[in-house]
file final-v7.txt (compact mmCIF, C-alpha atoms)
# COMPACT_ATOMS: atom_id res chain seq x y z
CA MET A 205 -114.78 26.40 33.39
CA GLY A 206 -112.08 23.72 33.35
CA GLU A 207 -108.47 24.40 34.24
CA LYS A 208 -106.16 25.67 31.50
CA ASN A 209 -103.79 23.15 30.07
CA GLY A 210 -100.15 23.45 31.16
CA PRO A 211 -97.21 23.46 28.77
CA ALA A 212 -97.20 20.60 26.33
CA ALA A 213 -94.95 17.68 27.23
CA PRO A 214 -91.89 17.37 25.03
CA HIS A 215 -92.13 14.97 22.11
CA PRO A 216 -90.81 11.60 23.33
CA MET A 217 -87.46 10.42 22.04
CA THR A 218 -88.08 7.60 19.56
CA ALA A 219 -84.59 6.69 18.28
CA PRO A 220 -82.26 4.44 20.31
CA TYR A 221 -79.43 7.00 20.07
CA GLY A 222 -79.32 10.76 20.13
CA LEU A 223 -77.78 14.06 21.11
CA LEU A 224 -79.27 15.88 24.10
CA GLY A 225 -78.80 19.62 24.38
CA GLY A 226 -80.45 23.00 24.61
CA ARG A 227 -80.26 24.19 20.98
CA LEU A 228 -79.03 21.78 18.31
CA GLY A 229 -79.91 23.40 15.00
CA HIS A 230 -76.52 22.96 13.30
CA SER A 231 -75.31 19.61 14.64
CA TRP A 232 -73.59 17.19 12.25
CA SER A 233 -73.79 14.29 14.72
CA PRO A 234 -76.60 12.39 12.92
CA GLN A 235 -74.54 12.22 9.70
CA ILE A 236 -71.48 11.04 11.63
CA HIS A 237 -73.30 8.37 13.65
CA GLU A 238 -75.02 7.05 10.55
CA ARG A 239 -71.55 6.29 9.17
CA LEU A 240 -70.47 4.73 12.46
CA GLY A 241 -73.46 2.38 12.67
CA SER A 242 -75.13 4.00 15.70
CA ALA A 243 -78.36 4.97 13.97
CA PRO A 244 -81.19 5.97 13.97
CA TYR A 245 -79.78 9.00 15.79
CA GLU A 246 -82.02 11.83 16.93
CA LEU A 247 -81.44 15.46 17.94
CA VAL A 248 -83.14 15.90 21.32
CA GLU A 249 -83.68 19.50 22.43
CA ARG A 250 -84.91 19.81 26.01
CA GLU A 251 -85.54 22.51 28.57
CA PRO A 252 -83.69 22.07 31.89
CA LYS A 253 -86.75 20.71 33.71
CA ASP A 254 -87.14 17.92 31.15
CA VAL A 255 -83.56 16.63 31.27
CA GLU A 256 -83.80 14.38 34.34
CA PRO A 257 -87.00 12.59 33.23
CA LEU A 258 -85.45 11.86 29.84
CA VAL A 259 -82.15 10.63 31.25
CA ARG A 260 -83.58 8.55 34.09
CA GLU A 261 -86.78 7.26 32.48
CA GLY A 262 -86.26 7.42 28.70
CA SER A 263 -85.99 4.30 26.54
CA TRP A 264 -82.75 5.36 24.83
CA ARG A 265 -79.71 3.08 24.54
CA GLY A 266 -77.04 5.74 24.12
CA LEU A 267 -76.96 9.52 24.49
CA ASN A 268 -74.45 12.16 23.63
CA VAL A 269 -74.86 15.28 25.74
CA THR A 270 -73.84 18.83 24.89
CA ILE A 271 -74.23 22.38 26.22
CA PRO A 272 -75.67 23.08 28.76
CA TYR A 273 -76.32 19.61 30.22
CA LYS A 274 -72.89 17.93 30.60
CA ARG A 275 -72.81 18.43 34.36
CA ASP A 276 -76.38 17.15 34.64
CA ALA A 277 -75.34 14.05 32.70
CA ALA A 278 -72.56 13.33 35.20
CA ARG A 279 -74.84 13.94 38.17
CA LEU A 280 -77.65 11.70 36.90
CA ALA A 281 -75.43 8.71 36.04
CA ASP A 282 -75.11 5.60 38.21
CA VAL A 283 -71.51 4.87 37.17
CA ARG A 284 -68.86 7.45 36.19
CA SER A 285 -65.51 7.01 34.49
CA PRO A 286 -62.39 8.43 36.17
CA ALA A 287 -62.42 11.35 33.71
CA VAL A 288 -66.05 12.15 34.55
CA ASP A 289 -65.35 11.92 38.28
CA ARG A 290 -62.44 14.31 37.92
CA LEU A 291 -64.10 16.79 35.58
CA GLY A 292 -67.66 16.62 36.89
CA ALA A 293 -68.97 16.58 33.34
CA ALA A 294 -70.04 13.85 30.89
CA ASN A 295 -70.91 14.00 27.21
CA THR A 296 -71.79 10.32 26.71
CA LEU A 297 -74.33 8.17 28.55
CA VAL A 298 -74.99 4.48 27.90
CA ARG A 299 -77.05 1.79 29.62
CA ASP A 300 -75.07 -1.29 30.67
CA GLY A 301 -76.33 -4.87 30.85
CA ASP A 302 -77.79 -4.26 34.30
CA GLY A 303 -79.70 -1.17 33.19
CA ARG A 304 -77.36 1.23 34.97
CA ILE A 305 -76.56 4.59 33.35
CA VAL A 306 -72.83 4.81 32.72
CA ALA A 307 -71.19 8.21 32.09
CA GLU A 308 -68.07 8.81 30.02
CA ASN A 309 -66.34 11.93 28.74
CA THR A 310 -65.50 11.13 25.13
CA ASP A 311 -64.56 14.80 24.61
CA VAL A 312 -61.33 13.85 26.41
CA LEU A 313 -60.83 10.85 24.11
CA GLY A 314 -61.77 12.83 20.99
CA PHE A 315 -59.37 15.67 21.74
CA ALA A 316 -56.64 13.16 22.60
CA TRP A 317 -57.07 11.58 19.15
CA MET A 318 -57.02 14.99 17.45
CA LEU A 319 -53.96 16.10 19.43
CA SER A 320 -51.98 12.93 18.70
CA HIS A 321 -52.84 13.05 14.99
CA PHE A 322 -52.00 16.75 14.73
CA CYS A 323 -48.61 16.37 16.40
CA ARG A 324 -47.72 13.34 14.32
CA GLU A 325 -48.90 14.69 10.94
CA ARG A 326 -48.22 18.42 11.28
CA LEU A 327 -45.36 18.67 13.80
CA GLY A 328 -43.62 15.42 12.89
CA GLU A 329 -43.42 14.14 16.47
CA SER A 330 -45.50 12.22 18.96
CA ALA A 331 -47.64 14.38 21.23
CA ARG A 332 -45.42 13.57 24.20
CA ASP A 333 -42.23 14.43 22.31
CA ALA A 334 -43.69 17.68 20.96
CA LEU A 335 -45.43 18.86 24.13
CA GLY A 336 -44.09 16.93 27.12
CA GLY A 337 -43.15 19.27 29.95
CA ARG A 338 -43.98 22.30 27.79
CA LYS A 339 -46.60 25.01 28.25
CA VAL A 340 -49.83 24.85 26.26
CA LEU A 341 -52.28 27.75 26.41
CA VAL A 342 -55.95 26.78 26.73
CA LEU A 343 -58.37 29.64 26.06
CA GLY A 344 -61.60 29.36 28.03
CA SER A 345 -62.52 27.71 31.32
CA GLY A 346 -65.75 25.82 30.58
CA GLY A 347 -66.42 22.11 30.19
CA ALA A 348 -64.51 21.78 26.91
CA SER A 349 -61.52 23.53 28.48
CA GLN A 350 -61.46 21.03 31.34
CA ALA A 351 -61.56 18.08 28.94
CA VAL A 352 -58.78 19.56 26.80
CA ALA A 353 -56.55 20.33 29.77
CA TYR A 354 -57.04 16.81 31.15
CA ALA A 355 -56.10 15.25 27.80
CA LEU A 356 -53.07 17.50 27.37
CA ALA A 357 -51.69 16.45 30.73
CA GLU A 358 -52.60 12.75 30.53
CA VAL A 359 -51.76 12.05 26.87
CA ALA A 360 -48.92 14.45 26.15
CA GLY A 361 -47.49 15.24 29.56
CA ALA A 362 -47.96 18.91 28.70
CA VAL A 363 -48.40 21.74 31.18
CA PRO A 364 -51.80 23.26 30.36
CA CYS A 365 -52.25 26.91 31.26
CA VAL A 366 -55.95 27.80 31.29
CA ILE A 367 -56.68 31.43 30.43
CA SER A 368 -60.14 32.80 31.21
CA ARG A 369 -61.46 36.24 30.35
CA SER A 370 -62.91 36.38 33.85
CA GLY A 371 -59.44 35.93 35.34
CA ARG A 372 -56.60 38.38 35.86
CA GLU A 373 -55.07 37.99 32.40
CA THR A 374 -56.48 39.14 29.09
CA TYR A 375 -56.06 37.38 25.78
CA GLU A 376 -54.48 40.50 24.32
CA THR A 377 -51.55 40.36 26.78
CA LEU A 378 -50.78 36.65 26.44
CA ALA A 379 -47.43 37.23 24.78
CA GLU A 380 -46.15 39.24 27.73
CA ARG A 381 -46.20 36.21 30.05
CA HIS A 382 -46.55 33.18 27.80
CA GLY A 383 -44.15 33.64 24.91
CA ASP A 384 -42.76 30.19 25.69
CA ALA A 385 -46.06 28.39 24.96
CA VAL A 386 -45.67 25.81 22.17
CA LEU A 387 -49.36 25.25 21.39
CA LEU A 388 -52.56 27.27 21.76
CA VAL A 389 -55.99 25.62 22.00
CA ASN A 390 -59.21 27.60 21.75
CA THR A 391 -62.08 26.06 23.72
CA THR A 392 -64.30 29.15 23.73
CA PRO A 393 -67.27 29.46 21.34
CA VAL A 394 -65.79 32.64 19.82
CA GLY A 395 -65.77 32.20 16.05
CA MET A 396 -68.49 29.56 15.95
CA PHE A 397 -71.19 29.92 13.28
CA PRO A 398 -72.97 32.32 12.90
CA THR A 399 -70.54 34.78 14.57
CA CYS A 400 -67.71 33.88 12.23
CA PRO A 401 -64.93 34.47 11.38
CA ALA A 402 -64.36 36.11 14.75
CA SER A 403 -61.30 35.08 16.78
CA PRO A 404 -60.61 35.20 20.53
CA VAL A 405 -57.09 36.52 19.81
CA ASP A 406 -55.84 38.57 16.89
CA GLU A 407 -53.06 37.77 14.46
CA GLY A 408 -50.66 40.18 16.15
CA THR A 409 -51.01 38.37 19.48
CA LEU A 410 -50.30 35.02 17.85
CA ALA A 411 -47.26 36.48 16.09
CA ARG A 412 -45.80 37.64 19.42
CA LEU A 413 -46.02 34.14 20.91
CA GLU A 414 -42.54 33.35 19.68
CA GLY A 415 -42.42 29.73 20.85
CA LEU A 416 -45.75 28.80 19.24
CA ARG A 417 -45.67 25.74 16.97
CA GLY A 418 -49.37 25.34 16.25
CA VAL A 419 -53.00 26.28 16.94
CA LEU A 420 -56.00 24.03 17.61
CA ASP A 421 -59.66 25.01 17.91
CA VAL A 422 -62.43 22.78 19.24
CA VAL A 423 -64.97 24.74 17.16
CA TYR A 424 -65.81 22.76 14.01
CA ASN A 425 -68.24 25.06 12.21
CA PRO A 426 -66.94 26.87 10.18
CA CYS A 427 -64.30 24.53 8.81
CA ARG A 428 -61.57 27.17 9.17
CA THR A 429 -62.20 29.31 12.22
CA GLY A 430 -60.93 32.86 12.59
CA ILE A 431 -58.05 31.85 14.85
CA CYS A 432 -57.05 29.03 12.49
CA MET A 433 -57.02 31.42 9.52
CA ALA A 434 -54.86 33.85 11.52
CA ALA A 435 -52.43 30.99 12.20
CA GLU A 436 -52.52 30.05 8.53
CA ARG A 437 -51.49 33.57 7.53
CA LEU A 438 -48.52 33.31 9.91
CA GLY A 439 -47.48 29.96 8.49
CA LEU A 440 -48.40 28.08 11.68
CA PRO A 441 -49.98 24.60 11.47
CA SER A 442 -53.59 24.74 12.63
CA GLU A 443 -56.72 22.62 12.80
CA SER A 444 -60.32 23.23 13.81
CA GLY A 445 -62.47 20.77 15.70
CA LEU A 446 -64.04 18.45 13.12
CA ALA A 447 -61.55 15.66 13.84
CA MET A 448 -62.31 15.94 17.55
CA LEU A 449 -66.05 15.81 16.86
CA VAL A 450 -65.73 12.66 14.76
CA ALA A 451 -63.29 10.97 17.14
CA GLN A 452 -65.42 11.56 20.22
CA ALA A 453 -68.42 10.24 18.26
CA LEU A 454 -66.49 7.08 17.36
CA TYR A 455 -65.64 6.37 21.00
CA ALA A 456 -69.24 7.09 22.01
CA SER A 457 -70.50 4.79 19.26
CA GLU A 458 -68.25 1.98 20.53
CA LEU A 459 -69.97 2.30 23.91
CA PHE A 460 -73.42 2.49 22.30
CA GLN A 461 -72.87 -0.61 20.18
CA GLY A 462 -70.70 -2.57 22.58
CA ARG A 463 -68.04 -3.25 19.96
CA ASP A 464 -64.70 -1.85 18.82
CA LEU A 465 -64.52 0.37 15.74
CA ASP A 466 -61.52 1.01 13.52
CA ASP A 467 -59.79 4.31 14.33
CA ALA A 468 -59.19 4.71 10.58
CA LEU A 469 -62.88 5.66 10.37
CA VAL A 470 -62.08 9.03 11.96
CA PRO A 471 -60.11 10.62 9.08
CA ALA A 472 -62.35 8.94 6.50
CA ILE A 473 -65.56 10.30 8.03
CA GLU A 474 -63.92 13.65 8.66
CA ARG A 475 -63.18 13.96 4.93
CA GLN A 476 -66.73 12.93 4.03
CA ILE A 477 -68.35 15.45 6.38
CA ALA A 478 -66.00 18.23 5.24
CA SER A 479 -66.83 17.47 1.61
CA LEU A 480 -70.57 17.59 2.29
CA THR A 481 -70.55 20.72 4.43
CA GLN A 482 -67.99 23.00 2.78
CA ASN A 483 -69.32 25.49 0.26
CA VAL A 484 -68.24 25.49 -3.37
CA VAL A 485 -67.43 29.14 -4.16
CA LEU A 486 -67.14 30.23 -7.80
CA VAL A 487 -65.06 33.30 -8.67
CA GLY A 488 -63.96 34.73 -11.98
CA MET A 489 -64.30 37.59 -14.42
CA PRO A 490 -67.69 39.16 -15.17
CA GLY A 491 -69.24 37.02 -17.87
CA ALA A 492 -67.15 33.93 -17.11
CA GLY A 493 -70.31 31.86 -16.56
CA LYS A 494 -70.27 31.53 -12.79
CA THR A 495 -74.04 31.68 -12.39
CA SER A 496 -74.92 29.21 -15.14
CA CYS A 497 -72.17 26.81 -14.05
CA GLY A 498 -73.17 27.20 -10.40
CA ARG A 499 -76.82 26.39 -11.03
CA ILE A 500 -75.91 23.17 -12.82
CA LEU A 501 -73.34 22.21 -10.20
CA ALA A 502 -75.84 22.83 -7.38
CA ARG A 503 -78.46 20.74 -9.16
CA ASP A 504 -76.04 17.87 -9.70
CA LEU A 505 -74.82 17.96 -6.09
CA GLY A 506 -78.30 18.43 -4.60
CA ARG A 507 -77.26 21.64 -2.87
CA PRO A 508 -78.80 25.10 -2.51
CA PHE A 509 -77.48 27.68 -4.97
CA VAL A 510 -76.78 31.32 -4.08
CA ASP A 511 -75.85 34.00 -6.59
CA LEU A 512 -74.41 36.80 -4.47
CA ASP A 513 -75.38 39.49 -6.99
CA GLU A 514 -78.98 38.25 -6.83
CA ALA A 515 -78.77 38.17 -3.03
CA ILE A 516 -77.60 41.79 -3.05
CA GLU A 517 -80.53 42.76 -5.27
CA LEU A 518 -82.92 40.97 -2.93
CA ALA A 519 -81.43 42.73 0.10
CA CYS A 520 -81.27 46.22 -1.45
CA GLY A 521 -84.15 46.25 -3.92
CA ARG A 522 -81.70 47.31 -6.66
CA THR A 523 -79.40 45.43 -8.98
CA PRO A 524 -75.64 45.72 -8.53
CA ALA A 525 -75.50 47.75 -11.76
CA GLN A 526 -78.08 50.19 -10.38
CA ILE A 527 -76.23 50.59 -7.08
CA ILE A 528 -72.96 51.28 -8.90
CA ARG A 529 -74.57 53.82 -11.26
CA GLU A 530 -76.54 55.60 -8.54
CA ASP A 531 -74.23 55.38 -5.48
CA GLY A 532 -70.82 54.49 -6.86
CA GLU A 533 -68.71 51.36 -6.82
CA GLU A 534 -67.52 51.81 -3.22
CA ALA A 535 -71.10 51.76 -1.89
CA PHE A 536 -71.73 48.58 -3.85
CA ARG A 537 -68.56 46.94 -2.48
CA GLU A 538 -69.71 47.65 1.08
CA GLU A 539 -73.01 45.93 0.40
CA GLU A 540 -71.24 43.07 -1.37
CA THR A 541 -69.05 42.44 1.69
CA ARG A 542 -72.06 42.49 4.00
CA VAL A 543 -73.91 39.90 1.90
CA THR A 544 -70.77 37.81 1.45
CA ALA A 545 -70.41 37.69 5.24
CA SER A 546 -74.01 36.55 5.67
CA TYR A 547 -73.58 33.56 3.34
CA GLY A 548 -69.88 32.72 3.66
CA GLY A 549 -70.16 31.04 7.05
CA ARG A 550 -73.05 28.80 6.03
CA SER A 551 -72.57 25.20 5.01
CA GLY A 552 -73.21 23.05 1.95
CA LEU A 553 -73.91 25.82 -0.57
CA VAL A 554 -72.82 26.43 -4.14
CA MET A 555 -72.10 30.17 -4.38
CA ALA A 556 -71.44 32.34 -7.42
CA CYS A 557 -69.64 35.58 -6.58
CA GLY A 558 -69.61 38.85 -8.46
CA GLY A 559 -66.52 39.40 -10.56
CA GLY A 560 -65.16 42.11 -8.25
CA VAL A 561 -65.44 40.23 -4.96
CA VAL A 562 -61.65 39.72 -5.06
CA THR A 563 -60.96 43.47 -5.07
CA ARG A 564 -61.54 43.56 -1.31
CA GLY A 565 -59.10 41.47 0.67
CA ARG A 566 -61.48 41.21 3.62
CA ASN A 567 -63.85 39.14 1.46
CA TYR A 568 -61.31 36.31 1.24
CA PRO A 569 -61.62 35.00 4.83
CA LEU A 570 -65.40 35.27 4.55
CA LEU A 571 -65.34 32.84 1.61
CA HIS A 572 -62.35 30.75 2.69
CA GLN A 573 -63.63 30.00 6.20
CA ASN A 574 -66.12 27.38 5.03
CA GLY A 575 -65.51 27.04 1.32
CA THR A 576 -63.41 25.69 -1.50
CA ILE A 577 -62.81 28.53 -3.96
CA VAL A 578 -63.04 27.62 -7.64
CA PHE A 579 -61.73 30.02 -10.29
CA LEU A 580 -63.56 29.80 -13.63
CA ASP A 581 -60.83 30.85 -16.08
CA ARG A 582 -62.41 32.00 -19.33
CA PRO A 583 -60.29 33.66 -22.06
CA VAL A 584 -60.63 37.45 -21.97
CA SER A 585 -61.46 37.47 -25.70
CA GLU A 586 -64.70 35.61 -24.91
CA LEU A 587 -65.92 38.09 -22.28
CA SER A 588 -68.49 40.84 -22.85
CA ASP A 589 -69.03 44.09 -20.95
CA ALA A 590 -72.78 44.18 -21.66
CA GLY A 591 -74.70 45.22 -18.52
CA ARG A 592 -71.51 45.46 -16.48
CA PRO A 593 -70.76 49.07 -15.46
CA VAL A 594 -67.23 48.47 -14.17
CA SER A 595 -66.19 46.58 -17.31
CA GLN A 596 -67.78 49.26 -19.47
CA ALA A 597 -66.01 52.07 -17.62
CA LYS A 598 -62.56 50.49 -17.51
CA GLY A 599 -62.62 48.02 -20.37
CA VAL A 600 -62.52 44.25 -20.05
CA GLU A 601 -58.77 44.05 -20.67
CA ARG A 602 -57.93 46.47 -17.85
CA VAL A 603 -60.31 44.75 -15.42
CA ALA A 604 -58.65 41.45 -16.26
CA GLN A 605 -55.20 42.90 -15.63
CA GLU A 606 -56.31 44.15 -12.21
CA ARG A 607 -58.02 40.94 -11.11
CA MET A 608 -56.45 37.85 -12.71
CA GLY A 609 -53.65 37.61 -10.16
CA LEU A 610 -56.20 37.85 -7.35
CA TYR A 611 -58.40 35.11 -8.80
CA ARG A 612 -55.42 32.78 -9.05
CA SER A 613 -54.15 33.57 -5.55
CA TRP A 614 -57.58 33.02 -3.98
CA ALA A 615 -58.34 29.80 -5.87
CA ASP A 616 -58.08 26.33 -4.40
CA VAL A 617 -59.08 24.88 -7.79
CA THR A 618 -58.86 26.40 -11.28
CA VAL A 619 -61.28 25.32 -14.01
CA ALA A 620 -60.21 26.14 -17.57
CA CYS A 621 -63.60 26.89 -19.11
CA THR A 622 -64.74 24.27 -21.60
CA GLY A 623 -67.10 26.34 -23.73
CA SER A 624 -70.33 25.23 -22.01
CA ALA A 625 -71.82 25.57 -18.56
CA GLU A 626 -72.45 21.82 -18.43
CA GLY A 627 -68.82 21.10 -19.28
CA ASP A 628 -67.56 23.62 -16.73
CA ALA A 629 -69.76 22.12 -14.00
CA ALA A 630 -68.64 18.58 -14.86
CA LEU A 631 -64.97 19.58 -14.80
CA ALA A 632 -65.38 21.45 -11.50
CA ARG A 633 -67.04 18.45 -9.93
CA GLU A 634 -64.26 16.17 -11.16
CA LEU A 635 -61.51 18.44 -9.83
CA LEU A 636 -63.32 18.80 -6.49
CA GLY A 637 -63.81 15.05 -6.18
CA LEU A 638 -67.55 15.48 -5.61
call {"tool": "encode", "arguments": {"input": "final-v7.txt", "output": "structure tokens"}}
result
Amino acid sequence: MGEKNGPAAPHPMTAPYGLLGGRLGHSWSPQIHERLGSAPYELVEREPKDVEPLVREGSWRGLNVTIPYKRDAARLADVRSPAVDRLGAANTLVRDGDGRIVAENTDVLGFAWMLSHFCRERLGESARDALGGRKVLVLGSGGASQAVAYALAEVAGAVPCVISRSGRETYETLAERHGDAVLLVNTTPVGMFPTCPASPVDEGTLARLEGLRGVLDVVYNPCRTGICMAAERLGLPSESGLAMLVAQALYASELFQGRDLDDALVPAIERQIASLTQNVVLVGMPGAGKTSCGRILARDLGRPFVDLDEAIELACGRTPAQIIREDGEEAFREEETRVTASYGGRSGLVMACGGGVVTRGRNYPLLHQNGTIVFLDRPVSELSDAGRPVSQAKGVERVAQERMGLYRSWADVTVACTGSAEGDAALARELLGL
């Protein structure tokens, strides 16, 4: 008998550029690098034992590196930038003209771009004027935290205060010792898809940080993280990490291609990626035409379509009407929230919601976190209660009175229904700029 074969060798990297990491299922880097000119760009998942052979012997020209291999990238390089030497971590590797592997930390550069833009556009000051000599709280103590703290000190002259859950302080007691902090930056993965919209600190803690002027999050998926939505409710400027992702990719791409790129590409690509990845969420009265409009809109945009009522039926084996008749409306609302949570954090969908989704306030952040909410506004006189137990029990007019204010307050865009699903979909697409 011959010897058993060992584990299969990993598929060789074939593209000149790529992203090396452990698990990369939801990366948007290929779409970004395609727009920057550093393509073809490949997602390269490797086990720890396969990292060194790829880095040292692979035929790549440029690599981005993410969790958990940033320290390996620094160790395996021949030349390290000052930031890499100081932090001990690299997220960008490139081969120079002599074949040496050069390591850079473009996370530092990407966060510096995001920070400067945020302070200028949202706080009305340069980063140094807004933050110089002032305390900035940095949640988390991993590689991203180190890059953020370095950029805060070097670019803004801020005083970063790194808070780790493994240290003596807890996030819940931040306000007791750090009420003078002017900015809070989350570098932990808390709130990242699919565990969204969780937040490392609650709204009450943010409210007690009396000196706080803004909140940043390096997490970019979902578009609006839990901590950013908490800041939004308090009227604090906030931003999640898409700008940082695009900016660090631009600086990496400059190294890959050996040429300068226009910084104006960062906000332009950020808008493009946000437009492609955010969900379109349709709300409105029962019978407003959300499903028919949504199917056409999804077809025209080339996106998956999800009808949440159909998803509930698939999950429960009963239609929403059956659940309401047999178990009551409250039982149905619980199931509706559960299904809304399972789809709301995903990306690039067209979603049609049941008419009563707005009756539960906790559904709003589930839809808002990664979506643009579109209210289909159809005249009440055109609505029917056929097959709709809540409308039949209360009457369409009463349901409208209870919900119309909610639809309008939740909506980012309002579509005055045109009389046809095709017309509604065309108008929605025009108003959304898609």
call {"tool": "residues_around", "arguments": {"input": "final-v7.txt", "residues": "range 476-489 of chain A", "least_positions_apart": "4", "cutoff": "7 Å", "atoms": "all atoms listed in the file", "output": "list in words"}}
result
Ala472, Lys494, Ser551, Gly552, Leu553, Val554, Met555, Ala556, Cys557, Gly559, Asn574, Gly575, Thr576, Ile577, Val578, Phe579, Leu580, Asp581 and Tyr611 of chain A
call {"tool": "residues_around", "arguments": {"input": "final-v7.txt", "residues": "range 625-628 of chain A", "least_positions_apart": "4", "cutoff": "9 Å", "atoms": "all atoms listed in the file", "output": "list in words"}}
result
Gly493, Lys494, Thr495, Ser496, Cys497, Gly498, Ile500, Leu501, Leu580, Val619, Ala620, Cys621, Ala632 and Arg633 of chain A
call {"tool": "closest_atom_pairs", "arguments": {"input": "final-v7.txt", "of": "range 374-472 of chain A", "to": "range 251-266 of chain A", "cutoff": "9 Å", "atoms": "all atoms listed in the file", "output": "Markdown table"}}
result
| residue | atom | partner | partner_atom | distance |
| --- | --- | --- | --- | --- |
| A:Ala456 | CA | A:Gly266 | CA | 8.2 |
| A:Ser457 | CA | A:Gly266 | CA | 8.2 |
| A:Leu459 | CA | A:Gly266 | CA | 7.9 |
| A:Phe460 | CA | A:Gly266 | CA | 5.2 |
| A:Gln461 | CA | A:Gly266 | CA | 8.6 |
call {"tool": "residues_around", "arguments": {"input": "final-v7.txt", "residues": "range 303-308 of chain A", "least_positions_apart": "3", "cutoff": "7 Å", "atoms": "only C-alpha atoms", "output": "list in words"}}
result
Ala278, Ala281, Asp282, Val283, Arg284, Ser285, Val288, Ala294, Asn295, Thr296, Leu297, Val298, Arg299 and Asp300 of chain A
call {"tool": "closest_atom_pairs", "arguments": {"input": "final-v7.txt", "of": "range 413-530 of chain A", "to": "range 223-244 of chain A", "cutoff": "9 Å", "atoms": "only C-alpha atoms", "output": "JSON lines"}}
result
{"residue": "A:Asn425", "atom": "CA", "partner": "A:His230", "partner_atom": "CA", "distance": 8.6}
{"residue": "A:Leu449", "atom": "CA", "partner": "A:Ser233", "partner_atom": "CA", "distance": 8.2}
{"residue": "A:Val450", "atom": "CA", "partner": "A:Ile236", "partner_atom": "CA", "distance": 6.7}
{"residue": "A:Ala453", "atom": "CA", "partner": "A:His237", "partner_atom": "CA", "distance": 7.0}
{"residue": "A:Leu454", "atom": "CA", "partner": "A:Leu240", "partner_atom": "CA", "distance": 6.7}
{"residue": "A:Ser457", "atom": "CA", "partner": "A:Ser242", "partner_atom": "CA", "distance": 5.9}
{"residue": "A:Glu458", "atom": "CA", "partner": "A:Ser242", "partner_atom": "CA", "distance": 8.6}
{"residue": "A:Phe460", "atom": "CA", "partner": "A:Ser242", "partner_atom": "CA", "distance": 7.0}
{"residue": "A:Gln461", "atom": "CA", "partner": "A:Ser242", "partner_atom": "CA", "distance": 6.8}
{"residue": "A:Leu465", "atom": "CA", "partner": "A:Leu240", "partner_atom": "CA", "distance": 8.1}
{"residue": "A:Leu469", "atom": "CA", "partner": "A:Leu240", "partner_atom": "CA", "distance": 7.9}
{"residue": "A:Ile473", "atom": "CA", "partner": "A:Ile236", "partner_atom": "CA", "distance": 7.0}
{"residue": "A:Glu474", "atom": "CA", "partner": "A:Ile236", "partner_atom": "CA", "distance": 8.5}
{"residue": "A:Ile477", "atom": "CA", "partner": "A:Ile236", "partner_atom": "CA", "distance": 7.5}
call {"tool": "closest_residue", "arguments": {"input": "final-v7.txt", "among": "A:Gly346, A:Pro583, A:Gly565, A:Gly418", "to": "Arg326 in chain A", "atoms": "only C-alpha atoms"}}
result
A:Gly418
call {"tool": "axis_aligned_box", "arguments": {"input": "final-v7.txt", "around": "range 359-369 of chain A", "padding_each_side": "5 Å", "output": "JSON"}}
result
{"center_x": -54.5, "center_y": 24.1, "center_z": 28.7, "size_x": 24.0, "size_y": 34.2, "size_z": 15.1}
call {"tool": "atom_distance", "arguments": {"input": "final-v7.txt", "atom1": "CA of Tyr221 in chain A", "atom2": "CA of Lys274 in chain A"}}
result
16.5 Å
call {"tool": "closest_residue", "arguments": {"input": "final-v7.txt", "among": "A:Ala492, A:Asp513, A:Gly301, A:Leu570", "to": "Gly462 in chain A", "atoms": "all atoms listed in the file"}}
result
A:Gly301
call {"tool": "atom_distance", "arguments": {"input": "final-v7.txt", "atom1": "CA of Gly347 in chain A", "atom2": "CA of Ala293 in chain A"}}
result
6.9 Å
call {"tool": "residues_around", "arguments": {"input": "final-v7.txt", "residues": "Thr544 in chain A", "least_positions_apart": "5", "cutoff": "10 Å", "atoms": "only C-alpha atoms", "output": "PyMOL selection string"}}
result
chain A and resi 512-513+515-516+538-539+549+555+557+561+567-568+570-571
call {"tool": "write_last_selection", "arguments": {"input": "final-v7.txt", "atoms": "C-alpha atoms", "output": "tab-separated table (two decimals), in the coordinates of the input"}}
result
chain	number	residue	atom	x	y	z
A	512	LEU	CA	-74.41	36.80	-4.47
A	513	ASP	CA	-75.38	39.49	-6.99
A	515	ALA	CA	-78.77	38.17	-3.03
A	516	ILE	CA	-77.60	41.79	-3.05
A	538	GLU	CA	-69.71	47.65	1.08
A	539	GLU	CA	-73.01	45.93	0.40
A	549	GLY	CA	-70.16	31.04	7.05
A	555	MET	CA	-72.10	30.17	-4.38
A	557	CYS	CA	-69.64	35.58	-6.58
A	561	VAL	CA	-65.44	40.23	-4.96
A	567	ASN	CA	-63.85	39.14	1.46
A	568	TYR	CA	-61.31	36.31	1.24
A	570	LEU	CA	-65.40	35.27	4.55
A	571	LEU	CA	-65.34	32.84	1.61
call {"tool": "build_atoms", "arguments": {"input": "final-v7.txt", "residues": "range 553-557 of chain A", "atoms": "N, CA and C atoms", "output": "short mmCIF file (atom, residue, chain, number, x, y, z; two decimals), in the coordinates of the input"}}
result
data_model
loop_
_atom_site.label_atom_id
_atom_site.label_comp_id
_atom_site.auth_asym_id
_atom_site.auth_seq_id
_atom_site.Cartn_x
_atom_site.Cartn_y
_atom_site.Cartn_z
N LEU A 553 -73.38 25.02 0.52
CA LEU A 553 -73.91 25.82 -0.57
C LEU A 553 -73.02 25.74 -1.81
N VAL A 554 -73.59 26.04 -2.97
CA VAL A 554 -72.82 26.43 -4.14
C VAL A 554 -73.07 27.92 -4.31
N MET A 555 -71.99 28.72 -4.34
CA MET A 555 -72.10 30.17 -4.38
C MET A 555 -71.39 30.71 -5.61
N ALA A 556 -72.07 31.61 -6.31
CA ALA A 556 -71.44 32.34 -7.42
C ALA A 556 -71.23 33.77 -6.98
N CYS A 557 -69.98 34.23 -7.04
CA CYS A 557 -69.64 35.58 -6.58
C CYS A 557 -69.59 36.55 -7.75
#
